[in-house]
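Chemist: Below is run_34.csv; it holds CSV, C-alpha atoms.
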```csv
chain,number,residue,atom,x,y,z
A,261,MET,CA,-107.5,-50.0,-98.5
A,262,THR,CA,-106.5,-53.5,-97.6
A,263,THR,CA,-109.3,-56.0,-96.9
A,264,PHE,CA,-108.9,-59.1,-94.9
A,265,ASN,CA,-110.2,-61.8,-97.2
A,266,ASP,CA,-110.8,-65.5,-96.8
A,267,GLN,CA,-107.3,-66.4,-98.0
A,268,ASP,CA,-105.8,-64.1,-95.4
A,269,ALA,CA,-108.0,-65.7,-92.8
A,270,VAL,CA,-106.7,-69.2,-93.7
A,271,LEU,CA,-103.1,-68.0,-93.7
A,272,PHE,CA,-103.8,-66.4,-90.3
A,273,ALA,CA,-105.1,-69.7,-89.0
A,274,ASN,CA,-102.0,-71.4,-90.4
A,275,ALA,CA,-99.8,-69.0,-88.5
A,276,ALA,CA,-101.9,-69.4,-85.3
A,277,PHE,CA,-101.4,-73.2,-85.6
A,278,TYR,CA,-97.6,-72.8,-85.5
A,279,ARG,CA,-97.8,-70.3,-82.6
A,280,ALA,CA,-99.8,-72.9,-80.7
A,281,VAL,CA,-97.2,-75.6,-81.5
A,282,GLU,CA,-94.4,-73.3,-80.4
A,283,SER,CA,-96.2,-72.8,-77.1
A,284,LEU,CA,-95.7,-76.5,-76.4
A,285,ASN,CA,-99.1,-76.4,-74.7
A,286,GLY,CA,-101.6,-79.1,-75.6
A,287,ASP,CA,-104.6,-77.0,-74.5
A,288,LEU,CA,-103.6,-74.1,-76.7
A,289,LEU,CA,-103.1,-76.5,-79.6
A,290,GLU,CA,-106.6,-78.0,-79.0
A,291,GLU,CA,-108.1,-74.6,-79.3
A,292,ILE,CA,-107.3,-74.5,-83.0
A,293,LEU,CA,-108.1,-78.1,-83.8
A,294,ALA,CA,-111.2,-78.7,-85.8
A,295,ARG,CA,-114.2,-79.4,-83.5
A,296,HIS,CA,-115.7,-82.0,-85.8
A,297,GLU,CA,-114.1,-85.2,-87.0
A,298,PRO,CA,-112.2,-86.2,-89.1
A,299,VAL,CA,-109.2,-84.7,-87.3
A,300,ARG,CA,-105.9,-86.3,-88.3
A,301,VAL,CA,-102.1,-85.8,-88.3
A,302,VAL,CA,-99.0,-87.3,-89.8
A,303,HIS,CA,-95.9,-86.2,-87.9
A,304,PRO,CA,-92.6,-86.5,-89.7
A,305,GLY,CA,-91.7,-90.2,-89.8
A,306,TRP,CA,-94.9,-91.3,-87.9
A,307,PRO,CA,-97.9,-93.3,-89.1
A,308,LEU,CA,-101.3,-91.6,-89.6
A,309,ILE,CA,-103.1,-90.7,-86.3
A,310,SER,CA,-106.9,-90.4,-86.4
A,311,GLY,CA,-109.3,-88.7,-84.0
A,312,ARG,CA,-109.2,-85.4,-82.1
A,313,ALA,CA,-108.2,-86.8,-78.8
A,314,ASN,CA,-105.4,-89.0,-80.3
A,315,VAL,CA,-104.1,-86.0,-82.3
A,316,LYS,CA,-104.0,-83.8,-79.2
A,317,ALA,CA,-102.2,-86.6,-77.3
A,318,SER,CA,-99.6,-87.1,-80.1
A,319,TRP,CA,-98.7,-83.4,-79.9
A,320,GLU,CA,-98.5,-83.6,-76.1
A,321,ARG,CA,-96.0,-86.5,-76.5
A,322,ILE,CA,-93.9,-84.3,-78.8
A,323,PHE,CA,-94.2,-81.3,-76.5
A,324,ASP,CA,-93.0,-83.5,-73.6
A,325,ASN,CA,-89.9,-84.4,-75.4
A,326,ALA,CA,-89.1,-80.9,-76.8
A,327,GLY,CA,-87.5,-78.1,-74.8
A,328,VAL,CA,-88.0,-75.6,-77.6
A,329,MET,CA,-89.7,-75.7,-81.0
A,330,GLN,CA,-89.3,-72.7,-83.3
A,331,PHE,CA,-90.7,-72.4,-86.8
A,332,THR,CA,-89.9,-70.2,-89.7
A,333,ILE,CA,-92.6,-70.8,-92.3
A,334,VAL,CA,-91.5,-70.5,-95.9
A,335,ASP,CA,-93.8,-69.9,-98.8
A,336,PRO,CA,-97.2,-70.6,-97.2
A,337,GLU,CA,-99.9,-70.8,-99.9
A,338,ALA,CA,-103.6,-71.2,-99.3
A,339,HIS,CA,-106.1,-72.7,-101.7
A,340,LEU,CA,-109.8,-72.3,-100.8
A,341,ASP,CA,-112.8,-74.3,-101.9
A,342,GLY,CA,-115.9,-73.3,-100.0
A,343,ASP,CA,-115.5,-74.2,-96.4
A,344,PHE,CA,-112.4,-76.2,-97.0
A,345,ALA,CA,-108.8,-75.0,-97.5
A,346,TRP,CA,-105.4,-76.5,-98.0
A,347,VAL,CA,-102.1,-74.8,-97.3
A,348,THR,CA,-98.7,-76.0,-98.4
A,349,CYS,CA,-95.5,-74.6,-96.8
A,350,THR,CA,-92.0,-75.5,-95.7
A,351,GLU,CA,-91.2,-75.4,-92.0
A,352,LYS,CA,-87.7,-74.5,-91.0
A,353,LEU,CA,-87.8,-76.1,-87.6
A,354,THR,CA,-85.3,-75.5,-84.8
A,355,SER,CA,-86.0,-77.7,-81.8
A,356,VAL,CA,-84.2,-78.8,-78.6
A,357,GLN,CA,-84.6,-82.5,-78.0
A,358,SER,CA,-82.9,-84.2,-75.1
A,359,GLY,CA,-80.7,-81.1,-74.7
A,360,ARG,CA,-79.5,-81.1,-78.3
A,361,VAL,CA,-80.4,-78.4,-80.9
A,362,VAL,CA,-81.9,-80.1,-84.0
A,363,GLU,CA,-82.5,-78.2,-87.2
A,364,GLY,CA,-84.5,-79.5,-90.1
A,365,LEU,CA,-86.7,-78.8,-93.1
A,366,VAL,CA,-90.3,-80.2,-93.1
A,367,ALA,CA,-92.5,-80.2,-96.2
A,368,THR,CA,-96.0,-79.6,-95.0
A,369,THR,CA,-99.7,-79.9,-96.0
A,370,ASN,CA,-102.2,-78.4,-93.7
A,371,LEU,CA,-106.0,-78.8,-94.2
A,372,PHE,CA,-108.4,-76.3,-92.7
A,373,ARG,CA,-112.2,-76.5,-92.3
A,374,ARG,CA,-114.5,-73.5,-91.6
A,375,GLU,CA,-116.6,-74.3,-88.6
A,376,ASN,CA,-119.1,-71.6,-87.4
A,377,GLY,CA,-117.0,-69.0,-89.3
A,378,ASP,CA,-113.7,-70.0,-87.8
A,379,TRP,CA,-110.9,-71.7,-89.8
A,380,ARG,CA,-109.7,-74.7,-87.8
A,381,ILE,CA,-107.0,-77.3,-88.6
A,382,ALA,CA,-108.4,-80.7,-89.6
A,383,HIS,CA,-105.2,-82.4,-90.8
A,384,HIS,CA,-101.5,-81.7,-90.6
A,385,HIS,CA,-99.1,-83.7,-92.6
A,386,GLY,CA,-95.4,-83.0,-92.2
A,387,SER,CA,-92.5,-85.0,-93.7
A,388,PRO,CA,-88.8,-84.6,-93.4
A,389,VAL,CA,-86.9,-83.2,-96.4
A,390,MET,CA,-83.8,-85.3,-96.8
B,39,MET,CA,-129.3,-102.0,-104.3
B,40,THR,CA,-125.9,-100.5,-104.1
B,41,THR,CA,-125.4,-96.9,-105.4
B,42,PHE,CA,-122.2,-95.4,-106.5
B,43,ASN,CA,-122.0,-92.2,-104.4
B,44,ASP,CA,-119.6,-89.3,-104.3
B,45,GLN,CA,-117.5,-91.0,-101.7
B,46,ASP,CA,-117.1,-94.1,-103.8
B,47,ALA,CA,-116.2,-92.0,-106.7
B,48,VAL,CA,-113.4,-90.4,-104.8
B,49,LEU,CA,-112.1,-93.8,-103.6
B,50,PHE,CA,-112.3,-95.0,-107.2
B,51,ALA,CA,-110.2,-92.0,-108.3
B,52,ASN,CA,-107.7,-92.8,-105.5
B,53,ALA,CA,-107.4,-96.4,-106.7
B,54,ALA,CA,-107.0,-95.1,-110.3
B,55,PHE,CA,-104.2,-92.9,-109.1
B,56,TYR,CA,-102.2,-95.9,-107.8
B,57,ARG,CA,-102.9,-97.9,-110.9
B,58,ALA,CA,-101.5,-95.1,-112.9
B,59,VAL,CA,-98.4,-94.9,-110.7
B,60,GLU,CA,-97.9,-98.7,-111.0
B,61,SER,CA,-98.0,-98.3,-114.8
B,62,LEU,CA,-94.8,-96.3,-114.5
B,63,ASN,CA,-96.2,-94.3,-117.4
B,64,GLY,CA,-96.1,-90.5,-117.1
B,65,ASP,CA,-98.8,-90.0,-119.8
B,66,LEU,CA,-101.2,-92.3,-117.9
B,67,LEU,CA,-100.4,-90.5,-114.7
B,68,GLU,CA,-101.0,-87.1,-116.3
B,69,GLU,CA,-104.6,-88.3,-117.3
B,70,ILE,CA,-105.7,-88.2,-113.6
B,71,LEU,CA,-103.8,-85.1,-112.6
B,72,ALA,CA,-106.1,-82.1,-112.0
B,73,ARG,CA,-106.3,-80.0,-115.1
B,74,HIS,CA,-106.2,-76.7,-113.2
B,75,GLU,CA,-103.6,-75.4,-110.8
B,76,PRO,CA,-102.7,-75.7,-108.1
B,77,VAL,CA,-101.2,-79.1,-108.7
B,78,ARG,CA,-98.6,-80.2,-106.2
B,79,VAL,CA,-96.7,-83.2,-104.8
B,80,VAL,CA,-94.5,-84.1,-101.9
B,81,HIS,CA,-92.7,-87.5,-102.5
B,82,PRO,CA,-91.3,-89.3,-99.5
B,83,GLY,CA,-88.2,-87.3,-98.4
B,84,TRP,CA,-88.6,-84.7,-101.2
B,85,PRO,CA,-89.3,-81.0,-100.9
B,86,LEU,CA,-92.7,-79.6,-102.2
B,87,ILE,CA,-93.0,-79.5,-106.0
B,88,SER,CA,-95.5,-77.1,-107.6
B,89,GLY,CA,-97.1,-77.0,-111.0
B,90,ARG,CA,-98.6,-79.6,-113.2
B,91,ALA,CA,-95.6,-80.0,-115.6
B,92,ASN,CA,-93.2,-80.2,-112.7
B,93,VAL,CA,-95.3,-82.7,-110.9
B,94,LYS,CA,-95.5,-84.9,-114.0
B,95,ALA,CA,-91.7,-84.6,-114.5
B,96,SER,CA,-91.1,-85.6,-110.9
B,97,TRP,CA,-93.1,-88.8,-111.4
B,98,GLU,CA,-91.3,-89.6,-114.6
B,99,ARG,CA,-88.0,-89.2,-112.7
B,100,ILE,CA,-89.2,-91.8,-110.2
B,101,PHE,CA,-90.5,-94.1,-112.9
B,102,ASP,CA,-87.2,-93.9,-114.7
B,103,ASN,CA,-85.4,-95.2,-111.6
B,104,ALA,CA,-88.0,-97.9,-110.6
B,105,GLY,CA,-88.2,-101.3,-112.3
B,106,VAL,CA,-91.5,-102.1,-110.5
B,107,MET,CA,-93.8,-100.2,-108.1
B,108,GLN,CA,-96.6,-102.2,-106.5
B,109,PHE,CA,-99.0,-100.8,-103.9
B,110,THR,CA,-101.3,-102.3,-101.4
B,111,ILE,CA,-103.5,-99.5,-100.0
B,112,VAL,CA,-104.5,-99.9,-96.4
B,113,ASP,CA,-107.5,-98.0,-94.8
B,114,PRO,CA,-108.3,-95.5,-97.5
B,115,GLU,CA,-110.8,-93.0,-96.1
B,116,ALA,CA,-112.4,-90.2,-98.2
B,117,HIS,CA,-113.8,-87.0,-96.8
B,118,LEU,CA,-115.8,-84.7,-99.1
B,119,ASP,CA,-116.6,-81.1,-99.0
B,120,GLY,CA,-118.4,-79.9,-102.1
B,121,ASP,CA,-116.0,-80.2,-105.1
B,122,PHE,CA,-113.0,-81.0,-102.8
B,123,ALA,CA,-112.0,-84.2,-101.2
B,124,TRP,CA,-109.2,-85.5,-99.1
B,125,VAL,CA,-108.1,-89.1,-98.7
B,126,THR,CA,-105.8,-90.6,-96.1
B,127,CYS,CA,-104.3,-94.0,-96.5
B,128,THR,CA,-101.2,-96.1,-95.9
B,129,GLU,CA,-99.3,-97.4,-98.8
B,130,LYS,CA,-97.5,-100.7,-98.5
B,131,LEU,CA,-95.1,-100.2,-101.3
B,132,THR,CA,-92.9,-102.8,-103.0
B,133,SER,CA,-90.5,-101.4,-105.6
B,134,VAL,CA,-87.4,-102.5,-107.4
B,135,GLN,CA,-84.8,-99.8,-107.5
B,136,SER,CA,-81.4,-100.4,-109.1
B,137,GLY,CA,-82.2,-104.1,-109.1
B,138,ARG,CA,-83.0,-104.3,-105.4
B,139,VAL,CA,-86.4,-105.0,-103.9
B,140,VAL,CA,-87.4,-102.3,-101.5
B,141,GLU,CA,-90.4,-102.5,-99.2
B,142,GLY,CA,-91.7,-99.7,-97.1
B,143,LEU,CA,-94.7,-98.0,-95.5
B,144,VAL,CA,-95.8,-94.6,-96.7
B,145,ALA,CA,-98.3,-92.4,-94.8
B,146,THR,CA,-100.3,-90.5,-97.4
B,147,THR,CA,-102.6,-87.6,-97.9
B,148,ASN,CA,-104.2,-87.2,-101.3
B,149,LEU,CA,-106.3,-84.2,-102.3
B,150,PHE,CA,-108.9,-84.4,-105.1
B,151,ARG,CA,-110.8,-81.7,-107.0
B,152,ARG,CA,-114.0,-82.3,-109.0
B,153,GLU,CA,-113.4,-80.8,-112.4
B,154,ASN,CA,-116.2,-81.1,-115.0
B,155,GLY,CA,-117.7,-84.0,-113.0
B,156,ASP,CA,-114.4,-86.0,-112.7
B,157,TRP,CA,-112.4,-86.3,-109.5
B,158,ARG,CA,-108.8,-85.6,-110.3
B,159,ILE,CA,-105.8,-85.5,-108.0
B,160,ALA,CA,-104.5,-82.0,-107.1
B,161,HIS,CA,-102.0,-83.0,-104.4
B,162,HIS,CA,-100.2,-86.1,-103.2
B,163,HIS,CA,-98.2,-86.0,-100.0
B,164,GLY,CA,-96.4,-89.2,-99.0
B,165,SER,CA,-94.0,-89.6,-96.1
B,166,PRO,CA,-92.0,-92.6,-95.0
B,167,VAL,CA,-93.1,-94.3,-91.8
B,168,MET,CA,-90.0,-95.0,-89.8
```
Translate the structure of the given file into structure tokens.
Modeler:
Amino acid sequence: MTTFNDQDAVLFANAAFYRAVESLNGDLLEEILARHEPVRVVHPGWPLISGRANVKASWERIFDNAGVMQFTIVDPEAHLDGDFAWVTCTEKLTSVQSGRVVEGLVATTNLFRRENGDWRIAHHHGSPVM
Amino acid sequence: MTTFNDQDAVLFANAAFYRAVESLNGDLLEEILARHEPVRVVHPGWPLISGRANVKASWERIFDNAGVMQFTIVDPEAHLDGDFAWVTCTEKLTSVQSGRVVEGLVATTNLFRRENGDWRIAHHHGSPVM
């Protein structure tokens, strides 16, 4: 029998995060953002952005400039400590920006917090692999 | 009276991490690496590196190529959850590489774990701010 443990739940939340990004829909993305501060993000090449509303707005700015964003997530690994979890993975990202297909590798750290039983993303840090 | 609380202890560990990097000494850096796995790092532009020995070796490779590394740490903020803590900050980095002074901004996420009462760094993720 397979049981759905905490680690699976975090990896599930990590996958849900990427599905929300692929939707290019700020409201869907907001659903999986942590409800409580701190909420932060570092997009590839960007400075740190703090605060739930600012994080959502930054994604919407990216979504507005992307025709398509598709992720293949390589080697996601989740590490739990109580109600906190960090995930490392590599994103193989295919996007369409200004009508041009762009492919790239992004090294990623995602931090999740368990809020009322649900794992929500508190911080996403992605950086371009040169 | 000022008390030295857990948050101060994490920020102190964060500062100690940068002093160790500035020393360009792999053995000093190893002192503040978490004793237990997972230990990871994403250097600016690099892919994810996993495992304590590999992390130490990656720093030594950087140290071998740097004549000087000096950090000014801007806006370090620590968030604790039990024996886990994450710090975000911006590094103003001045380094000498191949005899040339290089200045840059690095957006950073540092993860610390409390092991036997000491906060040690389990993950460092730095990415260039374009």
Chemist: Check the smallest atom-to-atom distance from each of B:Val106, B:Ile87, B:Ala95, B:Ile100 to chain A using only C-alpha atoms, then report the winner.
Modeler: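 Selected residue with least distance to chain A: B:Ile87.
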Chemist: Give me, as number ranges by chain, all polymer residues having an atom no more than 9 Å from Ser61 of chain B, counting all atoms listed in the file and skipping those fewer than 4 positions away in the same chain.
Modeler: B: 56-57, 66-67, 101, 106-107
Chemist: Could you name the residues that touch Val79 of chain B at 7 Å or less, counting all atoms listed in the file, but leaving out those on the same chain fewer than 6 positions away, as a ChimeraX atom specification?
Modeler: /B:86-88,93,161-163
Chemist: Near Ala91 of chain B, within 12 Å and counting all atoms listed in the file, which residues show up once chain neighbours fewer than 6 positions away are dropped, as a list in words?
Modeler: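 Selected residues are Gly64, Asp65, Leu67, Glu68, Leu71, Ala72, Arg73, His74, Glu75, Pro76, Val77, Arg78, Val79, Trp97 and Glu98 of chain B.
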Chemist: Quick one: which residues from chain A are at most 10 Å off chain B, using all atoms listed in the file, as a count of residues only?
Modeler: 41
Chemist: What separation in Å, quoted to one decimal, exists between atom CA of Val347 of chain A and atom CA of Gly155 of chain B?
Modeler: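 Here the two named atoms are 24.0 Å from each other.
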Chemist: Which residue gives the smallest distance to Phe50 of chain B among B:Pro114, B:Ala160, B:Arg99, B:Asn92, with all atoms listed in the file counted?
Modeler: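 Checking each candidate against Phe50 of chain B, we get B:Pro114 as the closest.
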Chemist: What is the distance between atom CA of Asp46 of chain B and atom CA of Gln108 of chain B, in Å to one decimal?
Modeler: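 Result for atom CA of Asp46 of chain B versus atom CA of Gln108 of chain B: 22.2 Å, one decimal.
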Chemist: Please indicate the distance in Å from atom CA of Glu363 of chain A to atom CA of Ala326 of chain A, rounded to one decimal place.
Modeler: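 Between atom CA of Glu363 of chain A and atom CA of Ala326 of chain A the gap works out to 12.6 Å.
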Chemist: Return the single residue from A:Ser355, A:Thr332, A:Asn370, A:Asn325 that is closest to Ala273 of chain A, with distances computed using only C-alpha atoms.
Modeler: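 Once distances to Ala273 of chain A are computed over only C-alpha atoms, the minimum belongs to A:Asn370.
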Chemist: Find the residues near Asp102 of chain B: any atom within 12 Å, counting all atoms listed in the file, skip ones fewer than 6 places away on the same chain, and give them as a list in words.
Modeler: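 The filter keeps Val59, Ser61, Leu62, Asn63, Gly64, Ala95, Ser96, Val134, Gln135 and Ser136 of chain B.
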Chemist: Pick the closest to Ala280 of chain A from A:Phe331, A:Arg374, A:Lys352, A:Gln267: which is it, counting only C-alpha atoms?
Modeler: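 Among A:Phe331, A:Arg374, A:Lys352, A:Gln267, it is A:Phe331 that comes nearest to Ala280 of chain A.
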Chemist: N, CA and C atoms are needed for segment 366-386 of chain A; please write them out as a tab-separated table (two decimals), in the coordinates of the input.
Modeler:
```tsv
chain	number	residue	atom	x	y	z
A	366	VAL	N	-89.11	-79.34	-93.05
A	366	VAL	CA	-90.30	-80.20	-93.10
A	366	VAL	C	-91.23	-79.70	-94.19
A	367	ALA	N	-91.53	-80.57	-95.15
A	367	ALA	CA	-92.50	-80.20	-96.20
A	367	ALA	C	-93.90	-80.53	-95.62
A	368	THR	N	-94.80	-79.56	-95.75
A	368	THR	CA	-96.00	-79.60	-95.00
A	368	THR	C	-97.28	-79.35	-95.80
A	369	THR	N	-98.32	-80.15	-95.53
A	369	THR	CA	-99.70	-79.90	-96.00
A	369	THR	C	-100.59	-79.75	-94.83
A	370	ASN	N	-101.27	-78.62	-94.74
A	370	ASN	CA	-102.20	-78.40	-93.70
A	370	ASN	C	-103.62	-78.20	-94.25
A	371	LEU	N	-104.61	-78.92	-93.70
A	371	LEU	CA	-106.00	-78.80	-94.20
A	371	LEU	C	-106.84	-78.12	-93.14
A	372	PHE	N	-107.60	-77.11	-93.57
A	372	PHE	CA	-108.40	-76.30	-92.70
A	372	PHE	C	-109.91	-76.45	-93.07
A	373	ARG	N	-110.78	-76.43	-92.06
A	373	ARG	CA	-112.20	-76.50	-92.30
A	373	ARG	C	-112.82	-75.24	-91.59
A	374	ARG	N	-113.78	-74.59	-92.27
A	374	ARG	CA	-114.50	-73.50	-91.60
A	374	ARG	C	-115.64	-73.99	-90.83
A	375	GLU	N	-115.56	-73.79	-89.53
A	375	GLU	CA	-116.60	-74.30	-88.60
A	375	GLU	C	-117.16	-73.06	-87.87
A	376	ASN	N	-118.44	-72.78	-88.07
A	376	ASN	CA	-119.10	-71.60	-87.40
A	376	ASN	C	-118.27	-70.34	-87.68
A	377	GLY	N	-117.74	-70.21	-88.90
A	377	GLY	CA	-117.00	-69.00	-89.30
A	377	GLY	C	-115.56	-68.96	-88.96
A	378	ASP	N	-115.08	-69.94	-88.17
A	378	ASP	CA	-113.70	-70.00	-87.80
A	378	ASP	C	-112.93	-71.07	-88.60
A	379	TRP	N	-111.77	-70.73	-89.13
A	379	TRP	CA	-110.90	-71.70	-89.80
A	379	TRP	C	-110.17	-72.53	-88.76
A	380	ARG	N	-110.37	-73.84	-88.74
A	380	ARG	CA	-109.70	-74.70	-87.80
A	380	ARG	C	-108.95	-75.81	-88.52
A	381	ILE	N	-107.87	-76.29	-87.94
A	381	ILE	CA	-107.00	-77.30	-88.60
A	381	ILE	C	-107.61	-78.69	-88.46
A	382	ALA	N	-107.86	-79.36	-89.57
A	382	ALA	CA	-108.40	-80.70	-89.60
A	382	ALA	C	-107.34	-81.77	-89.78
A	383	HIS	N	-106.26	-81.38	-90.46
A	383	HIS	CA	-105.20	-82.40	-90.80
A	383	HIS	C	-103.90	-81.63	-91.00
A	384	HIS	N	-102.86	-82.19	-90.41
A	384	HIS	CA	-101.50	-81.70	-90.60
A	384	HIS	C	-100.64	-82.84	-91.02
A	385	HIS	N	-99.95	-82.69	-92.14
A	385	HIS	CA	-99.10	-83.70	-92.60
A	385	HIS	C	-97.69	-83.12	-92.87
A	386	GLY	N	-96.74	-83.52	-92.05
A	386	GLY	CA	-95.40	-83.00	-92.20
A	386	GLY	C	-94.41	-84.13	-92.49
```
